[in-house]
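Encoded as structure tokens, the structure appears first; notes follow it.
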Amino acid sequence: MSGDRGAAAPGPADEPGDDDPAANDPGADDRGAGDPGADDPGLARERTDLAWTRSSIAFFGLGVAILKFRPAAGIPILAIAAVTWLLGRAARPGSQRIASRRVLLVTVAVSALALVSLVLTLAGPSSNGLRP
Amino acid sequence: MRETGPVARARTADKERITIVSDNATRGAEQGRQPDARFTMANERTFLAWSRTSLALVVGGLAIAQLLPPFAGVPWGRSAIATPLILLGAVLPVLSYLEWRTNQKSIERGARLGSSRLPGILAVTITVVALLAAAVDIYSRVRSR
């Protein structure tokens, strides 16, 4: 993943694992903080990966909770959780198209979930709640 | 294009970093490529945070509609509280996606980022729902007395 981009797009998006960023990037020696890799004091990449993990866990928690009441609805949400986790791991925001697509995917997933919930709330059967 | 090297070295460390970051953003815009990846990532994290907020709203709405015992004498009470929450949970991801896209383009051009309207929408909705919940609860207690 870092190999194909290293030569094409020398710059701040370089992977920290690149062999020698200075060789194909004239600005590397005075850039320092521009690289989101090991030298980044803000740990942008780790924080982003963790944000994706958190989002996946949010889906996962919701899926498990719904699985208890409506198994048929819980399984697709667990699948969304798995996909979110994979998206966070696999696609780094190096490619504009991939970044745009995965963000759009999360948008569609959350909105669809909300719309299904809305229909359920308005038209679904009325529950008696959890009475002790 | 990159004249900051000697200039930046003469400055303090913090100033140097800011100069380098903004310089990288400009350079990315000139090349028509991605600017500083940290801006892109921060933008994405903001979007993800809004998505999680939406999920929380949906979960809260579902819990009110499905798990809460009905209000005595107010059969529509739970739906009235849950619907705005879930509706906001459906709208927020779309709005935050549009905002993400706008910010992404601004970052690429090296332009200013606009201010977000989402916190205001969220704050107003939650306040209204909270007041509504209080009103429904009080109404239910008064009626069933």
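Every chain in the structure tokens has a letter given in the order shown (A, B, ...), and although residue numbers restart at 1 in each chain, ligands are simply numbered from 1 in the order shown.
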Quick one: which residues from chain B are at most 7 Å off chain A, using only C-alpha atoms, as a compact mmCIF listing (two decimals) with N, CA and C atoms, in the first residue's frame?
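The resulting file, part-v8.txt, is shown below:
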```txt
# COMPACT_ATOMS: atom_id res chain seq x y z
N GLY B 5 12.10 26.85 4.51
CA GLY B 5 13.16 26.14 5.21
C GLY B 5 14.01 27.03 6.12
N ARG B 17 6.47 24.57 13.20
CA ARG B 17 5.55 23.50 12.86
C ARG B 17 4.31 24.04 12.14
N ILE B 20 5.13 24.90 8.64
CA ILE B 20 5.32 23.73 7.79
C ILE B 20 3.97 23.12 7.44
N VAL B 21 3.09 23.04 8.43
CA VAL B 21 1.79 22.42 8.18
C VAL B 21 1.02 23.21 7.12
N ASP B 36 -2.01 18.06 3.61
CA ASP B 36 -1.56 17.40 4.82
C ASP B 36 -2.56 16.33 5.23
N ALA B 37 -2.08 15.09 5.34
CA ALA B 37 -2.99 13.98 5.62
C ALA B 37 -3.68 14.14 6.96
N ARG B 38 -3.07 14.90 7.86
CA ARG B 38 -3.68 15.04 9.18
C ARG B 38 -4.99 15.82 9.11
N MET B 41 -7.53 13.38 7.90
CA MET B 41 -7.90 12.42 8.96
C MET B 41 -8.77 13.07 10.02
N ARG B 45 -12.39 11.93 11.21
CA ARG B 45 -12.73 11.61 12.60
C ARG B 45 -13.95 12.41 13.06
N LEU B 48 -16.91 10.69 11.72
CA LEU B 48 -17.20 9.46 12.45
C LEU B 48 -17.83 9.76 13.81
N SER B 51 -21.35 10.37 13.26
CA SER B 51 -22.05 9.11 12.99
C SER B 51 -22.36 8.39 14.29
N ARG B 52 -21.39 8.38 15.19
CA ARG B 52 -21.63 7.72 16.48
C ARG B 52 -22.68 8.46 17.27
N LEU B 55 -25.90 7.29 15.94
CA LEU B 55 -26.22 5.95 16.43
C LEU B 55 -26.75 6.03 17.86
N VAL B 58 -30.30 7.15 17.80
CA VAL B 58 -31.20 6.08 17.39
C VAL B 58 -31.40 5.09 18.52
N LEU B 62 -34.91 4.23 20.24
CA LEU B 62 -35.44 2.86 20.27
C LEU B 62 -35.69 2.41 21.70
N ALA B 65 -38.86 3.94 22.93
CA ALA B 65 -40.07 3.39 22.30
C ALA B 65 -40.32 1.94 22.70
N GLN B 66 -39.25 1.17 22.90
CA GLN B 66 -39.42 -0.27 23.09
C GLN B 66 -39.25 -0.72 24.54
N LEU B 67 -38.39 -0.11 25.28
CA LEU B 67 -38.06 -0.62 26.62
C LEU B 67 -38.77 0.14 27.73
N LEU B 68 -39.10 1.39 27.48
CA LEU B 68 -39.75 2.20 28.52
C LEU B 68 -41.21 1.75 28.67
N PRO B 69 -41.69 1.54 29.90
CA PRO B 69 -43.13 1.26 30.07
C PRO B 69 -43.94 2.45 29.60
N PRO B 70 -45.14 2.19 29.05
CA PRO B 70 -45.93 3.31 28.52
C PRO B 70 -46.30 4.31 29.62
N SER B 79 -43.76 7.56 21.71
CA SER B 79 -43.46 7.86 20.31
C SER B 79 -43.09 9.32 20.13
N THR B 83 -39.54 9.80 18.45
CA THR B 83 -39.49 10.14 17.02
C THR B 83 -38.49 11.26 16.69
N ILE B 86 -34.90 9.79 16.82
CA ILE B 86 -34.55 8.89 15.72
C ILE B 86 -34.48 9.67 14.40
N LEU B 87 -35.38 10.64 14.26
CA LEU B 87 -35.36 11.46 13.04
C LEU B 87 -34.04 12.21 12.93
N GLY B 89 -31.33 11.24 14.25
CA GLY B 89 -30.35 10.21 13.96
C GLY B 89 -30.30 9.86 12.48
N ALA B 90 -31.41 10.07 11.77
CA ALA B 90 -31.42 9.80 10.33
C ALA B 90 -30.86 10.98 9.54
N VAL B 91 -31.08 12.18 10.02
CA VAL B 91 -30.68 13.38 9.27
C VAL B 91 -29.20 13.73 9.50
N PRO B 93 -26.37 12.03 9.91
CA PRO B 93 -25.31 11.46 9.07
C PRO B 93 -25.24 12.13 7.69
N VAL B 94 -26.40 12.44 7.13
CA VAL B 94 -26.41 13.09 5.81
C VAL B 94 -25.78 14.48 5.90
N TYR B 97 -22.14 14.23 6.47
CA TYR B 97 -21.44 13.82 5.25
C TYR B 97 -21.24 15.01 4.32
```
**Spatial neighbours of Ile121 of chain B, 12 Å, only C-alpha atoms, chain gap at least 6 places, as number ranges by chain** = B: 84-85, 88-89, 91-92, 95-96, 127-128
Those selected residues, please, written with C-alpha atoms and delivered as a compact mmCIF listing (two decimals), in the first residue's frame.
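The resulting again.txt:
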```txt
# COMPACT_ATOMS: atom_id res chain seq x y z
CA PRO B 84 -37.50 13.41 17.08
CA LEU B 85 -34.46 11.58 18.41
CA LEU B 88 -32.31 13.46 14.04
CA GLY B 89 -30.35 10.21 13.96
CA VAL B 91 -30.68 13.38 9.27
CA LEU B 92 -27.38 13.96 11.09
CA LEU B 95 -25.66 16.60 7.06
CA SER B 96 -22.31 15.56 8.50
CA THR B 127 -33.33 20.58 24.58
CA VAL B 128 -36.75 20.35 22.95
```
**Item:** From B:Val129, B:Gly77, B:Thr53, B:Phe71, residue lying nearest Arg141 of chain B [only C-alpha atoms]
**Value:** B:Phe71
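Pairwise distance (atom CA of Ala82 of chain A, atom CA of Glu99 of chain B) equals 25.5 Å.
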**Prompt:** How far is it from atom CA of Leu105 of chain A to atom CA of Leu98 of chain B, in Å with one decimal?
**Reply:**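 Distance reported for this atom pair: 13.1 Å.
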**Fill in**
note - atom CA of Pro35 of chain B and atom CA of Glu108 of chain B are separated by 5.9 Å
**Asked** So which one's closest to Ile64 of chain B, B:Val142, B:Ala133, B:Phe47, B:Gly120? Using only C-alpha atoms, please.
**Response**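 Using only C-alpha atoms, the shortest distance to Ile64 of chain B belongs to B:Ala133.
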